[in-house]
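See below for final_1.txt, which holds compact mmCIF, C-alpha atoms.
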# COMPACT_ATOMS: atom_id res chain seq x y z
CA MET A 1225 97.34 -120.37 97.19
CA PRO A 1226 95.95 -116.80 97.25
CA LYS A 1227 95.72 -115.06 93.93
CA LYS A 1228 97.92 -112.02 93.48
CA VAL A 1229 96.79 -108.85 91.77
CA GLU A 1230 99.29 -106.46 90.37
CA LYS A 1231 98.59 -102.82 91.05
CA ASP A 1232 99.93 -100.16 88.77
CA ARG A 1233 100.61 -96.93 90.60
CA ILE A 1234 102.15 -94.67 87.95
CA GLY A 1235 99.22 -92.32 87.65
CA MET A 1236 99.32 -90.68 91.06
CA ILE A 1237 97.93 -87.20 90.86
CA ILE A 1238 99.85 -84.81 93.01
CA ARG A 1239 103.45 -85.97 93.33
CA GLU A 1240 104.43 -88.45 90.68
CA GLU A 1241 107.89 -89.01 92.18
CA ASP A 1242 106.27 -90.38 95.35
CA ALA A 1243 104.48 -93.19 93.60
CA PRO A 1244 105.88 -96.71 93.92
CA GLU A 1245 105.86 -98.13 90.41
CA LYS A 1246 104.23 -101.42 91.21
CA MET A 1247 102.69 -102.92 94.29
CA GLU A 1248 101.48 -106.45 94.84
CA VAL A 1249 98.54 -107.18 97.07
CA GLU A 1250 97.37 -110.61 98.10
CA LEU A 1251 93.74 -111.38 97.45
CA PRO A 1252 92.17 -113.11 100.45
CA GLU A 1253 90.86 -116.57 99.79
CA ILE A 1254 87.10 -116.27 99.49
CA LYS A 1255 85.14 -119.25 100.75
CA GLU A 1256 82.81 -120.58 98.10
CA THR A 1257 80.06 -123.13 98.22
CA GLY A 1258 82.74 -125.65 97.37
CA ASP A 1259 80.77 -127.02 94.44
CA LYS A 1260 82.06 -125.74 91.08
CA SER A 1261 79.21 -127.45 89.22
CA SER A 1262 76.65 -125.29 91.05
CA PRO A 1263 75.17 -122.58 88.74
CA VAL A 1264 75.38 -119.93 91.46
CA ILE A 1265 78.44 -119.32 93.61
CA ILE A 1266 77.89 -117.65 96.96
CA TYR A 1267 80.75 -116.07 98.91
CA TYR A 1268 79.46 -116.62 102.41
CA ASN A 1269 82.08 -114.58 104.23
CA TRP A 1270 80.98 -111.45 102.35
CA CYS A 1271 77.21 -112.07 102.56
CA LYS A 1272 75.17 -109.91 104.95
CA LYS A 1273 71.94 -111.91 104.61
CA CYS A 1274 69.80 -109.01 103.34
CA GLY A 1275 67.63 -111.33 101.24
CA ILE A 1276 67.63 -109.24 98.02
CA CYS A 1277 68.95 -112.07 95.80
CA VAL A 1278 66.28 -114.50 97.03
CA ALA A 1279 63.47 -111.93 96.69
CA PHE A 1280 64.39 -110.98 93.12
CA CYS A 1281 65.39 -114.38 91.69
CA PRO A 1282 62.81 -114.70 88.88
CA THR A 1283 62.80 -118.50 88.71
CA GLY A 1284 62.98 -119.38 92.41
CA CYS A 1285 66.37 -121.01 92.10
CA LEU A 1286 67.57 -119.59 95.41
CA GLY A 1287 66.23 -120.39 98.86
CA ARG A 1288 66.84 -118.89 102.27
CA LYS A 1289 68.42 -120.71 105.20
CA ALA A 1290 67.13 -120.29 108.76
CA ASP A 1291 69.79 -117.62 109.44
CA GLY A 1292 68.73 -115.65 106.34
CA SER A 1293 71.63 -116.48 104.04
CA PRO A 1294 70.87 -117.76 100.53
CA TYR A 1295 71.57 -121.24 99.16
CA VAL A 1296 70.97 -122.95 95.83
CA LEU A 1297 67.57 -124.58 96.27
CA ALA A 1298 66.93 -125.76 92.73
CA PRO A 1299 70.09 -125.65 90.56
CA GLU A 1300 68.20 -126.80 87.44
CA LYS A 1301 66.01 -123.67 87.54
CA CYS A 1302 68.91 -121.22 87.09
CA THR A 1303 68.83 -119.42 83.72
CA HIS A 1304 72.00 -117.36 84.35
CA CYS A 1305 69.99 -114.12 84.11
CA GLU A 1306 72.51 -112.58 86.55
CA MET A 1307 69.81 -110.71 88.48
CA CYS A 1308 71.45 -111.80 91.77
CA ASP A 1309 74.81 -110.57 90.49
CA LEU A 1310 73.44 -107.16 89.56
CA LEU A 1311 71.44 -106.59 92.73
CA CYS A 1312 73.81 -107.96 95.37
CA PRO A 1313 75.09 -104.98 97.42
CA ASP A 1314 78.01 -107.01 98.82
CA PHE A 1315 79.47 -108.57 95.62
CA ALA A 1316 78.85 -111.91 97.34
CA ILE A 1317 76.99 -113.91 94.70
CA SER A 1318 77.80 -114.86 91.14
CA GLY A 1319 75.24 -116.33 88.77
CA ALA A 1320 77.25 -115.96 85.57
CA LYS A 1321 77.58 -118.83 83.12
CA GLU A 1322 81.33 -119.00 83.65
CA HIS A 1323 82.66 -118.35 87.11
CA MET B 491 73.84 -108.12 76.60
CA PRO B 492 75.67 -110.27 79.18
CA ALA B 493 76.51 -108.44 82.37
CA ILE B 494 80.07 -108.00 83.51
CA PRO B 495 80.77 -110.96 85.84
CA GLN B 496 81.35 -110.64 89.54
CA LYS B 497 84.99 -111.72 89.29
CA ILE B 498 85.77 -108.65 87.15
CA ILE B 499 84.23 -106.46 89.85
CA HIS B 500 86.38 -108.19 92.47
CA GLU B 501 89.44 -107.14 90.47
CA TYR B 502 88.47 -103.48 90.82
CA LEU B 503 88.15 -103.67 94.61
CA ARG B 504 90.88 -102.94 97.12
CA HIS B 505 91.30 -106.24 98.85
CA ASP B 506 93.65 -104.79 101.43
CA LYS B 507 90.64 -102.89 102.81
CA LYS B 508 88.32 -104.63 105.18
CA PHE B 509 85.66 -106.63 103.38
CA PRO B 510 82.71 -107.10 103.67
CA HIS B 511 82.26 -103.35 103.41
CA VAL B 512 80.94 -100.99 106.09
CA TRP B 513 77.41 -100.49 104.69
CA CYS B 514 74.42 -102.09 106.43
CA ALA B 515 72.75 -105.22 105.11
CA GLY B 516 70.58 -104.34 102.11
CA CYS B 517 72.00 -100.82 101.61
CA SER B 518 71.77 -99.71 97.98
CA ASN B 519 75.22 -98.11 97.99
CA GLY B 520 76.86 -101.44 97.16
CA ILE B 521 74.50 -101.98 94.21
CA VAL B 522 75.32 -98.52 92.84
CA LEU B 523 79.04 -99.16 93.32
CA GLY B 524 78.63 -102.36 91.30
CA SER B 525 76.89 -100.41 88.52
CA ILE B 526 79.64 -97.77 88.47
CA ILE B 527 82.38 -100.42 88.27
CA ARG B 528 80.49 -102.23 85.49
CA ALA B 529 80.20 -98.98 83.53
CA ILE B 530 83.93 -98.25 83.88
CA ALA B 531 84.94 -101.86 83.13
CA GLY B 532 82.77 -101.75 80.00
CA MET B 533 84.47 -98.56 78.78
CA ASN B 534 88.01 -100.04 78.86
CA LEU B 535 89.39 -97.00 80.68
CA SER B 536 92.70 -97.24 82.49
CA ARG B 537 92.33 -97.18 86.27
CA ASN B 538 95.04 -94.56 86.45
CA ASP B 539 92.92 -92.13 84.41
CA ILE B 540 90.00 -92.22 86.83
CA VAL B 541 89.74 -90.15 89.97
CA MET B 542 86.93 -90.80 92.40
CA VAL B 543 86.27 -87.99 94.86
CA SER B 544 83.84 -88.01 97.75
CA GLY B 545 82.90 -86.02 100.82
CA ILE B 546 81.50 -87.38 104.07
CA GLY B 547 78.58 -89.74 104.47
CA CYS B 548 77.56 -93.33 103.91
CA SER B 549 77.85 -93.17 100.13
CA SER B 550 81.10 -91.23 100.41
CA ARG B 551 82.79 -94.36 101.79
CA MET B 552 82.66 -95.66 98.22
CA PRO B 553 86.11 -94.50 96.99
CA VAL B 554 87.74 -96.35 99.92
CA TYR B 555 86.87 -99.68 98.36
CA VAL B 556 87.75 -99.15 94.70
CA ASP B 557 91.15 -99.29 93.09
CA PHE B 558 91.24 -95.95 91.26
CA ASN B 559 92.91 -92.70 92.23
CA THR B 560 90.68 -91.71 95.13
CA LEU B 561 90.15 -88.75 97.40
CA HIS B 562 88.02 -88.75 100.55
CA THR B 563 87.58 -85.09 101.43
CA LEU B 564 85.74 -82.65 103.69
CA HIS B 565 82.00 -82.67 104.22
CA GLY B 566 80.28 -81.14 101.20
CA ARG B 567 83.50 -80.06 99.51
CA ALA B 568 83.92 -83.02 97.14
CA ILE B 569 83.01 -80.94 94.06
CA ALA B 570 85.44 -78.19 95.10
CA PHE B 571 88.32 -80.70 95.35
CA ALA B 572 87.26 -82.33 92.08
CA THR B 573 87.30 -78.93 90.32
CA GLY B 574 90.91 -78.50 91.42
CA ILE B 575 91.92 -81.92 90.13
CA LYS B 576 90.17 -81.40 86.81
CA LEU B 577 91.81 -77.99 86.27
CA HIS B 578 95.25 -79.36 87.13
CA LYS B 579 95.00 -82.46 84.90
CA PRO B 580 92.12 -82.09 82.44
CA HIS B 581 92.74 -85.50 80.82
CA LEU B 582 91.62 -87.35 83.97
CA LYS B 583 88.04 -88.58 84.28
CA VAL B 584 86.80 -87.17 87.56
CA ILE B 585 83.84 -88.87 89.20
CA VAL B 586 82.30 -87.35 92.32
CA VAL B 587 80.27 -89.67 94.54
CA THR B 588 78.22 -87.84 97.11
CA GLY B 589 75.16 -88.27 99.23
CA ASP B 590 72.05 -86.13 99.37
CA GLY B 591 73.10 -84.28 102.53
CA ASP B 592 76.64 -83.86 101.28
CA CYS B 593 75.61 -82.57 97.84
CA ALA B 594 72.37 -80.69 98.42
CA ALA B 595 72.77 -79.29 101.94
CA ILE B 596 76.38 -78.63 102.90
CA GLY B 597 77.79 -78.70 99.37
CA GLY B 598 74.86 -77.01 97.64
CA ASN B 599 76.90 -73.92 96.84
CA HIS B 600 79.65 -75.94 95.17
CA LEU B 601 77.07 -77.92 93.18
CA ILE B 602 75.40 -74.86 91.67
CA HIS B 603 78.65 -73.12 90.81
CA ALA B 604 80.21 -76.21 89.23
CA ALA B 605 77.03 -76.57 87.17
CA ARG B 606 77.19 -72.89 86.19
CA ARG B 607 80.82 -73.21 85.07
CA ASN B 608 80.02 -76.41 83.18
CA ILE B 609 83.25 -78.08 84.24
CA ASP B 610 83.65 -81.66 83.02
CA LEU B 611 82.79 -83.60 86.21
CA SER B 612 80.46 -86.58 86.62
CA VAL B 613 78.58 -86.16 89.88
CA ILE B 614 76.70 -89.22 91.10
CA MET B 615 74.37 -88.25 93.93
CA LEU B 616 73.04 -91.16 95.96
CA ASN B 617 69.76 -89.99 97.42
CA ASN B 618 68.63 -92.07 100.39
CA ASN B 619 66.32 -89.33 101.76
CA ILE B 620 68.05 -89.13 105.15
CA TYR B 621 71.38 -88.56 106.90
CA GLY B 622 72.15 -92.23 107.42
CA MET B 623 75.63 -92.14 108.92
CA THR B 624 74.86 -89.74 111.76
CA GLY B 625 71.69 -91.45 112.91
CA GLY B 626 68.81 -90.33 110.71
CA GLN B 627 68.44 -86.55 110.75
CA VAL B 628 66.22 -84.72 108.24
CA SER B 629 68.06 -84.05 104.99
CA PRO B 630 66.99 -81.61 102.24
CA THR B 631 65.52 -84.52 100.27
CA THR B 632 63.48 -86.10 103.07
CA PRO B 633 59.93 -86.25 101.69
CA TYR B 634 57.12 -84.18 103.19
CA GLU B 635 55.55 -85.89 106.25
CA ALA B 636 58.23 -88.62 106.38
CA TYR B 637 59.68 -89.49 109.77
CA ALA B 638 63.27 -88.96 110.88
CA THR B 639 64.99 -88.84 114.28
CA THR B 640 64.82 -85.03 114.21
CA ALA B 641 61.25 -85.12 112.85
CA PRO B 642 59.44 -87.57 115.16
CA TYR B 643 56.02 -86.11 114.19
CA GLY B 644 56.77 -86.00 110.48
CA ASN B 645 58.80 -83.62 108.34
CA ILE B 646 57.08 -80.28 107.66
CA GLU B 647 59.56 -79.10 105.02
CA PRO B 648 58.94 -79.79 101.34
CA ASP B 649 61.70 -81.83 99.74
CA PHE B 650 64.30 -80.61 97.30
CA ASP B 651 64.33 -81.60 93.61
CA VAL B 652 68.08 -81.61 93.00
CA CYS B 653 67.69 -82.43 89.29
CA LYS B 654 65.60 -79.28 88.71
CA LEU B 655 68.15 -77.26 90.69
CA ALA B 656 71.00 -78.57 88.54
CA ILE B 657 69.12 -77.84 85.31
CA GLY B 658 68.38 -74.32 86.56
CA ALA B 659 72.02 -73.79 87.54
CA GLY B 660 73.18 -74.75 84.04
CA ALA B 661 74.26 -78.40 84.20
CA THR B 662 74.40 -79.92 80.73
CA TYR B 663 73.59 -83.54 81.57
CA VAL B 664 71.00 -84.32 84.25
CA ALA B 665 69.53 -87.77 84.80
CA ARG B 666 67.62 -89.61 87.47
CA THR B 667 67.46 -93.34 88.12
CA THR B 668 67.04 -95.75 91.00
CA ALA B 669 69.45 -98.29 92.46
CA PHE B 670 67.15 -101.11 91.36
CA HIS B 671 67.59 -100.22 87.68
CA THR B 672 71.20 -101.31 87.49
CA GLN B 673 71.52 -101.44 83.70
CA GLU B 674 70.07 -97.93 83.43
CA THR B 675 72.48 -96.64 86.08
CA GLN B 676 75.35 -98.28 84.24
CA ASN B 677 74.39 -96.65 80.94
CA MET B 678 73.91 -93.25 82.57
CA VAL B 679 77.31 -93.39 84.30
CA LYS B 680 78.90 -94.24 80.95
CA GLU B 681 77.11 -91.34 79.23
CA ALA B 682 78.01 -88.96 82.07
CA ILE B 683 81.72 -89.85 81.84
CA GLU B 684 81.68 -89.39 78.06
CA HIS B 685 79.67 -86.15 78.24
CA PRO B 686 81.84 -83.04 77.80
CA GLY B 687 80.50 -80.89 80.60
CA PHE B 688 78.92 -81.03 84.03
CA ALA B 689 76.85 -84.17 84.53
CA LEU B 690 74.63 -84.97 87.50
CA ILE B 691 72.98 -88.33 88.08
CA GLU B 692 70.56 -88.64 90.96
CA VAL B 693 70.29 -92.27 92.07
CA ILE B 694 67.38 -92.98 94.41
CA CYS B 695 68.66 -95.40 97.06
CA ALA B 696 67.13 -97.41 99.85
CA CYS B 697 68.25 -97.00 103.45
CA PRO B 698 66.44 -99.96 105.03
CA VAL B 699 68.06 -99.71 108.45
CA ILE B 700 67.34 -96.07 109.31
CA TYR B 701 64.87 -94.53 106.83
CA GLY B 702 63.07 -97.84 106.29
CA ARG B 703 62.74 -98.56 109.98
CA LEU B 704 61.55 -95.06 110.94
CA ASN B 705 58.99 -94.99 108.12
CA LYS B 706 57.91 -98.64 108.38
CA LYS B 707 58.92 -99.47 104.82
CA GLY B 708 59.87 -103.10 105.56
CA GLY B 709 63.23 -104.61 104.78
CA ALA B 710 65.61 -104.14 101.89
CA PRO B 711 63.68 -106.35 99.38
CA GLU B 712 60.44 -104.47 100.08
CA MET B 713 62.12 -101.09 99.57
CA MET B 714 63.66 -102.33 96.31
CA LYS B 715 60.24 -103.53 95.14
CA GLU B 716 58.77 -100.12 95.97
CA MET B 717 61.50 -98.49 93.87
CA ARG B 718 60.64 -100.78 90.97
CA ASP B 719 56.86 -100.27 91.19
CA ASN B 720 56.88 -96.59 92.11
CA SER B 721 59.00 -95.30 89.24
CA ILE B 722 58.19 -94.64 85.61
CA PRO B 723 60.46 -93.93 82.65
CA LEU B 724 60.44 -90.42 81.21
CA SER B 725 59.20 -91.73 77.85
CA ALA B 726 55.99 -93.01 79.48
CA VAL B 727 55.09 -89.75 81.23
CA ASP B 728 53.34 -88.20 78.19
CA LYS B 729 51.29 -91.33 77.50
CA LEU B 730 49.92 -91.75 81.02
CA PRO B 731 47.08 -89.72 82.61
CA PRO B 732 48.38 -87.09 85.08
CA GLU B 733 46.94 -88.86 88.14
CA LYS B 734 49.12 -91.91 87.43
CA VAL B 735 52.26 -89.78 87.18
CA GLN B 736 51.55 -87.95 90.47
CA GLY B 737 53.98 -88.93 93.22
CA LYS B 738 56.09 -91.27 91.08
CA ILE B 739 59.84 -91.21 90.57
CA ILE B 740 60.52 -90.19 86.96
CA ARG B 741 63.57 -91.99 85.59
CA GLY B 742 65.58 -91.02 82.55
CA VAL B 743 67.81 -88.36 81.06
CA LEU B 744 65.96 -85.18 82.04
CA HIS B 745 68.20 -82.66 80.31
CA LYS B 746 71.06 -82.73 77.85
CA ASP B 747 72.71 -79.95 75.88
CA ILE B 748 76.15 -78.74 74.85
CA ARG B 749 77.77 -75.57 76.18
CA PRO B 750 81.46 -74.49 76.18
CA GLU B 751 83.39 -76.49 78.78
CA TYR B 752 85.36 -74.65 81.49
CA CYS B 753 88.75 -76.43 81.17
CA ALA B 754 88.74 -76.03 77.37
CA GLN B 755 87.92 -72.33 77.70
CA TYR B 756 90.64 -71.90 80.30
CA ALA B 757 93.22 -73.54 78.01
CA GLU B 758 92.15 -71.26 75.18
CA LEU B 759 92.42 -68.19 77.38
CA MET B 760 95.92 -69.24 78.44
CA LYS B 761 97.00 -69.62 74.82
CA LYS B 762 95.58 -66.20 73.94
CA ALA B 763 97.27 -64.52 76.88
CA GLN B 764 100.62 -66.20 76.13
CA ALA B 765 100.40 -65.08 72.49
CA GLN B 766 99.98 -61.51 73.69
CA GLY B 767 103.01 -61.84 75.92
CA GLY B 768 100.91 -62.05 79.08
CA SER B 769 101.47 -58.42 80.00
CA LYS B 770 98.00 -57.70 81.47
I'd like the structure from this file rewritten - as structure tokens, please.
Amino acid sequence: MPKKVEKDRIGMIIREEDAPEKMEVELPEIKETGDKSSPVIIYYNWCKKCGICVAFCPTGCLGRKADGSPYVLAPEKCTHCEMCDLLCPDFAISGAKEH
Amino acid sequence: MPAIPQKIIHEYLRHDKKFPHVWCAGCSNGIVLGSIIRAIAGMNLSRNDIVMVSGIGCSSRMPVYVDFNTLHTLHGRAIAFATGIKLHKPHLKVIVVTGDGDCAAIGGNHLIHAARRNIDLSVIMLNNNIYGMTGGQVSPTTPYEAYATTAPYGNIEPDFDVCKLAIGAGATYVARTTAFHTQETQNMVKEAIEHPGFALIEVICACPVIYGRLNKKGGAPEMMKEMRDNSIPLSAVDKLPPEKVQGKIIRGVLHKDIRPEYCAQYAELMKKAQAQGGSK
């Protein structure tokens, strides 16, 4: 079931009478690693395989697959420093304590 | 301080737009967008009170993806449009996202005059040292002797220090950071939005696909590492010998002062004129 986000559109700038009051947009279902117990969640359909998260992971928790995309190599090494979160240009990885 | 989690950022994105976004793999624009969203999410501002304005270029695709009031305007004219919005509705927080070519070359005139007026805009200039979208032409901030498609033997022009230009033109908040320093970018964006007056933040970005390839800088991780190792904070400049400061990116708030703000002065003038009956 896709999650729905409510958009509030009252604050349009130029012509306020043109603005629909509320608009609902469906969030696409983002594929995850499937494992909720994993410390890092990777959204593979947004990942562009640039390798920044793997290069800057300070503990070596992440590894790189043959195609360049990251995977959780050593889940016990993750300290939830969120470096991968902060440096991912594609919003495709989450290393927060609570997902 | 725990960072703002990724799922909060996803809530600020326009999911009806095509994701993953248009930028190349490893482009710093996405990292800077994340920092901007984190700054705004941390400030508890309403999305309806934020206007993001941009011109043309790679970085100027940014407003397309975020769920604020957004405006994608003519090449170089982002600051001109933003001035209009700010004067019409001064309570809105107007953020201008522009690239180095957009801000320093084509829109250079608008930049200096907005700085001179000290109108309350937050300009975030993403400096990737090249015109990325159009195929890698020399931009005003391409370093001396760097390669570009229109400079196959190396660039013979000296590069532009936009921060110094903005200080000279009268901007009241000028800062420089790099895309790697995400927390610093986040704090600077927050300060710039809160600052009453013209604020310019220069964010040094990596363009691994065009600038990196032409100048043999390696991939995105290598360019990010260079940013980290080749920059020093402003507070360390006085303590280091001059030869260690030479050629480094100096990060930090370079200039900050308070001058009368344009919109406030305009409102005052209006009141004065109306009190006189407005006969002049």
Quiz prompt | Interface residues on chain A facing chain B, 7 Å, only C-alpha atoms, written as an MDAnalysis selection string | solution = chainID A and resid 1235:1236 1249 1251 1270 1272:1276 1279 1309:1315 1318 1320
Practice problem: Tell me, as a ChimeraX atom specification, which residues lie within 8 Å of B:Asp592, counting only C-alpha atoms; anything in the same chain fewer than 5 positions away does not count. | Solution: /B:545-547,565-566,597-598
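Distance-wise, atom CA of B:Ile740 and atom CA of B:Tyr637 end up 22.8 Å apart.
Counting from atom CA of A:Ile1317, the distance to atom CA of B:Leu616 is 23.1 Å.
Residues lying at most 10 Å from (70.6, -116.1, 85.8) in file coordinates, with only C-alpha atoms considered, are A:Pro1263, A:Val1264, A:Cys1281, A:Pro1282, A:Thr1283, A:Cys1285, A:Lys1301, A:Cys1302, A:Thr1303, A:His1304, A:Cys1305, A:Glu1306, A:Met1307, A:Cys1308, A:Asp1309, A:Ser1318, A:Gly1319, A:Ala1320, A:Lys1321.
The gap separating atom CA of B:Thr631 from atom CA of B:Asn619 is 5.1 Å, in Å to one decimal.
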First collect every listed atom of stretch 1258-1277 of chain A; then fit an axis-aligned box around them, widen it by 6 Å on each side, and give centre and edge lengths in Å to one decimal, as lines of an AutoDock Vina configuration file.
center_x = 75.2
center_y = -118.2
center_z = 96.8
size_x = 27.1
size_y = 30.4
size_z = 28.2
